[in-house]
Amino acid sequence: MHTLEPRICGSLRLEPERRCLVRQNGEVVQLTSLEFRLLYTLMCYPRHVFSPEVLLDSVWGISDGDHIALKNVIYRLRHKMEPYPGQAHHILTVPGGYTFQLD
């Protein structure tokens with residue numbers, strides 16, 4: 001059985017065992033399994049631009065999935081992890097898809 005390793009990107013630590021995000025100040029943010037899988041994928045390759053199709057395939061297992069569902073998960077993640085969700089700092093929408101930026 002393959003165990004996922006924790007991901008540390010700047011001031012954020014993603015912990016697979018607890019399926020949570022830990023901020024630098026120690027605050028723990030619980031994530032749904034979809035939120036976790038999406039964030040884990042993004043944090044594994046910071047600054048890489050993922051097309052919606054690649055993220056849908058990686059998270060849901062289908063490349064022609066529901067783009068609105070993907071946008072909803074990203075929206076929820078931003079509200080859980082960003083100090084100002086309307087001014088995203090970590091999960092950015094860029095030409096071609098989405099990317100994760102370090103602090």
# chains A, B, ... in the order shown; residues from 1 in each chain; ligands from 1
call {"tool": "residues_around", "arguments": {"residues": "stretch 10-14 of chain A", "least_positions_apart": "4", "cutoff": "9 Å", "atoms": "only C-alpha atoms", "output": "list in words"}}
result
Glu5, Pro6, Arg18, Arg19, Cys20, Leu21, Val22, Arg23, Gln24, Asn25, Phe36, Leu39, Tyr40, Met43, Leu102 and Asp103 of chain A
call {"tool": "residues_around", "arguments": {"residues": "stretch 57-66 of chain A", "least_positions_apart": "6", "cutoff": "10 Å", "atoms": "only C-alpha atoms", "output": "ChimeraX atom specification"}}
result
/A:33-41,51
call {"tool": "write_last_selection", "arguments": {"atoms": "N, CA and C atoms", "output": "compact mmCIF listing (two decimals), in the first residue's frame"}}
result
# COMPACT_ATOMS: atom_id res chain seq x y z
N SER A 33 -12.34 14.81 1.14
CA SER A 33 -11.41 13.99 0.34
C SER A 33 -11.16 14.62 -1.02
N LEU A 34 -12.17 15.22 -1.64
CA LEU A 34 -11.96 15.89 -2.94
C LEU A 34 -11.04 17.10 -2.78
N GLU A 35 -11.28 17.91 -1.75
CA GLU A 35 -10.42 19.07 -1.51
C GLU A 35 -8.98 18.62 -1.28
N PHE A 36 -8.82 17.57 -0.48
CA PHE A 36 -7.48 17.07 -0.20
C PHE A 36 -6.78 16.60 -1.48
N ARG A 37 -7.45 15.78 -2.27
CA ARG A 37 -6.83 15.24 -3.49
C ARG A 37 -6.45 16.35 -4.46
N LEU A 38 -7.31 17.35 -4.59
CA LEU A 38 -7.02 18.46 -5.49
C LEU A 38 -5.83 19.26 -4.97
N LEU A 39 -5.84 19.60 -3.70
CA LEU A 39 -4.74 20.38 -3.14
C LEU A 39 -3.43 19.60 -3.16
N TYR A 40 -3.49 18.31 -2.89
CA TYR A 40 -2.27 17.49 -2.93
C TYR A 40 -1.67 17.50 -4.33
N THR A 41 -2.51 17.35 -5.33
CA THR A 41 -2.03 17.38 -6.72
C THR A 41 -1.37 18.71 -7.03
N SER A 51 -4.34 22.03 -16.53
CA SER A 51 -5.59 22.28 -17.25
C SER A 51 -6.73 21.68 -16.41
call {"tool": "select_by_dssp", "arguments": {"residues": "chain A", "states": "alpha helix (DSSP H)", "output": "VMD selection string"}}
result
chain A and resid 33 to 44 52 to 59 67 to 81
call {"tool": "residues_around", "arguments": {"residues": "A:His79", "least_positions_apart": "6", "cutoff": "12 Å", "atoms": "only C-alpha atoms", "output": "JSON, numbers by chain"}}
result
{"A": [29, 31, 35, 72, 73, 85, 86, 87, 88, 89, 90, 91]}
call {"tool": "write_last_selection", "arguments": {"atoms": "N, CA, C and O atoms", "output": "compact mmCIF listing (two decimals), in the first residue's frame"}}
result
# COMPACT_ATOMS: atom_id res chain seq x y z
N VAL A 29 -6.90 23.04 9.32
CA VAL A 29 -8.07 23.19 8.46
C VAL A 29 -8.41 21.80 7.91
O VAL A 29 -7.61 21.21 7.18
N LEU A 31 -10.16 19.07 5.57
CA LEU A 31 -10.50 19.06 4.16
C LEU A 31 -11.35 17.83 3.82
O LEU A 31 -11.16 16.77 4.41
N GLU A 35 -11.28 17.91 -1.75
CA GLU A 35 -10.42 19.07 -1.51
C GLU A 35 -8.98 18.62 -1.28
O GLU A 35 -8.05 19.21 -1.83
N ASN A 72 -16.12 24.65 -8.07
CA ASN A 72 -16.70 24.68 -6.72
C ASN A 72 -15.71 24.19 -5.67
O ASN A 72 -15.62 24.76 -4.58
N VAL A 73 -14.97 23.14 -5.98
CA VAL A 73 -13.97 22.63 -5.03
C VAL A 73 -12.87 23.66 -4.85
O VAL A 73 -12.42 23.91 -3.72
N PRO A 85 -10.05 35.22 0.32
CA PRO A 85 -10.36 34.31 -0.80
C PRO A 85 -10.59 35.01 -2.13
O PRO A 85 -10.29 34.47 -3.18
N GLY A 86 -11.11 36.23 -2.10
CA GLY A 86 -11.33 36.96 -3.35
C GLY A 86 -10.04 37.43 -4.00
O GLY A 86 -10.02 37.79 -5.17
N GLN A 87 -8.97 37.43 -3.22
CA GLN A 87 -7.64 37.80 -3.72
C GLN A 87 -6.71 36.60 -3.50
O GLN A 87 -5.82 36.64 -2.67
N ALA A 88 -6.96 35.56 -4.24
CA ALA A 88 -6.23 34.30 -4.06
C ALA A 88 -4.72 34.51 -4.12
O ALA A 88 -4.21 35.23 -4.96
N HIS A 89 -4.04 33.86 -3.20
CA HIS A 89 -2.58 33.95 -3.11
C HIS A 89 -1.93 32.61 -3.46
O HIS A 89 -0.84 32.57 -3.99
N HIS A 90 -2.61 31.52 -3.14
CA HIS A 90 -2.03 30.20 -3.35
C HIS A 90 -2.59 29.49 -4.58
O HIS A 90 -1.83 29.07 -5.44
N ILE A 91 -3.89 29.32 -4.65
CA ILE A 91 -4.49 28.64 -5.81
C ILE A 91 -4.96 29.72 -6.77
O ILE A 91 -5.90 30.45 -6.49
call {"tool": "residues_around", "arguments": {"residues": "A:Leu70", "least_positions_apart": "4", "cutoff": "8 Å", "atoms": "only C-alpha atoms", "output": "number ranges by chain"}}
result
A: 52, 56, 66, 74
call {"tool": "write_last_selection", "arguments": {"atoms": "all heavy atoms", "output": "CSV table (one decimal), in the first residue's frame"}}
result
chain,number,residue,atom,x,y,z
A,52,PRO,N,-7.9,22.2,-16.6
A,52,PRO,CA,-9.1,21.6,-15.9
A,52,PRO,C,-9.2,20.1,-16.2
A,52,PRO,O,-9.5,19.3,-15.2
A,52,PRO,CB,-10.3,22.4,-16.4
A,52,PRO,CG,-9.7,23.7,-16.8
A,52,PRO,CD,-8.3,23.4,-17.3
A,56,LEU,N,-9.3,17.2,-13.4
A,56,LEU,CA,-10.5,16.3,-13.3
A,56,LEU,C,-10.1,14.9,-13.4
A,56,LEU,O,-10.6,14.0,-12.6
A,56,LEU,CB,-11.5,16.7,-14.4
A,56,LEU,CG,-12.3,18.0,-14.2
A,56,LEU,CD1,-13.0,18.4,-15.5
A,56,LEU,CD2,-13.3,17.8,-13.1
A,66,ASP,N,-17.1,17.4,-14.9
A,66,ASP,CA,-17.9,18.6,-14.7
A,66,ASP,C,-16.9,19.7,-14.2
A,66,ASP,O,-16.4,19.8,-13.1
A,66,ASP,CB,-18.9,18.3,-13.6
A,66,ASP,CG,-19.8,19.5,-13.4
A,66,ASP,OD1,-19.6,20.6,-13.9
A,66,ASP,OD2,-20.8,19.3,-12.6
A,74,ILE,N,-12.4,24.3,-5.9
A,74,ILE,CA,-11.4,25.3,-5.8
A,74,ILE,C,-11.9,26.5,-5.0
A,74,ILE,O,-11.2,27.0,-4.1
A,74,ILE,CB,-10.9,25.8,-7.2
A,74,ILE,CG1,-10.1,24.6,-7.8
A,74,ILE,CG2,-10.1,27.1,-7.2
A,74,ILE,CD1,-9.7,24.8,-9.2
call {"tool": "closest_residue", "arguments": {"among": "A:Thr93, A:Gln30, A:Thr3, A:Thr99", "to": "A:Met81", "atoms": "only C-alpha atoms"}}
result
A:Gln30
call {"tool": "select_by_dssp", "arguments": {"residues": "chain A", "states": "strand (DSSP E or B)", "output": "list in words"}}
result
Arg7, Ile8, Cys9, Leu12, Arg13, Leu14, Glu15, Cys20, Leu21, Val22, Val28, Val29, Gln30, Phe50, Ile91, Leu92, Thr93, Val94, Gly97, Tyr98, Thr99 and Phe100 of chain A
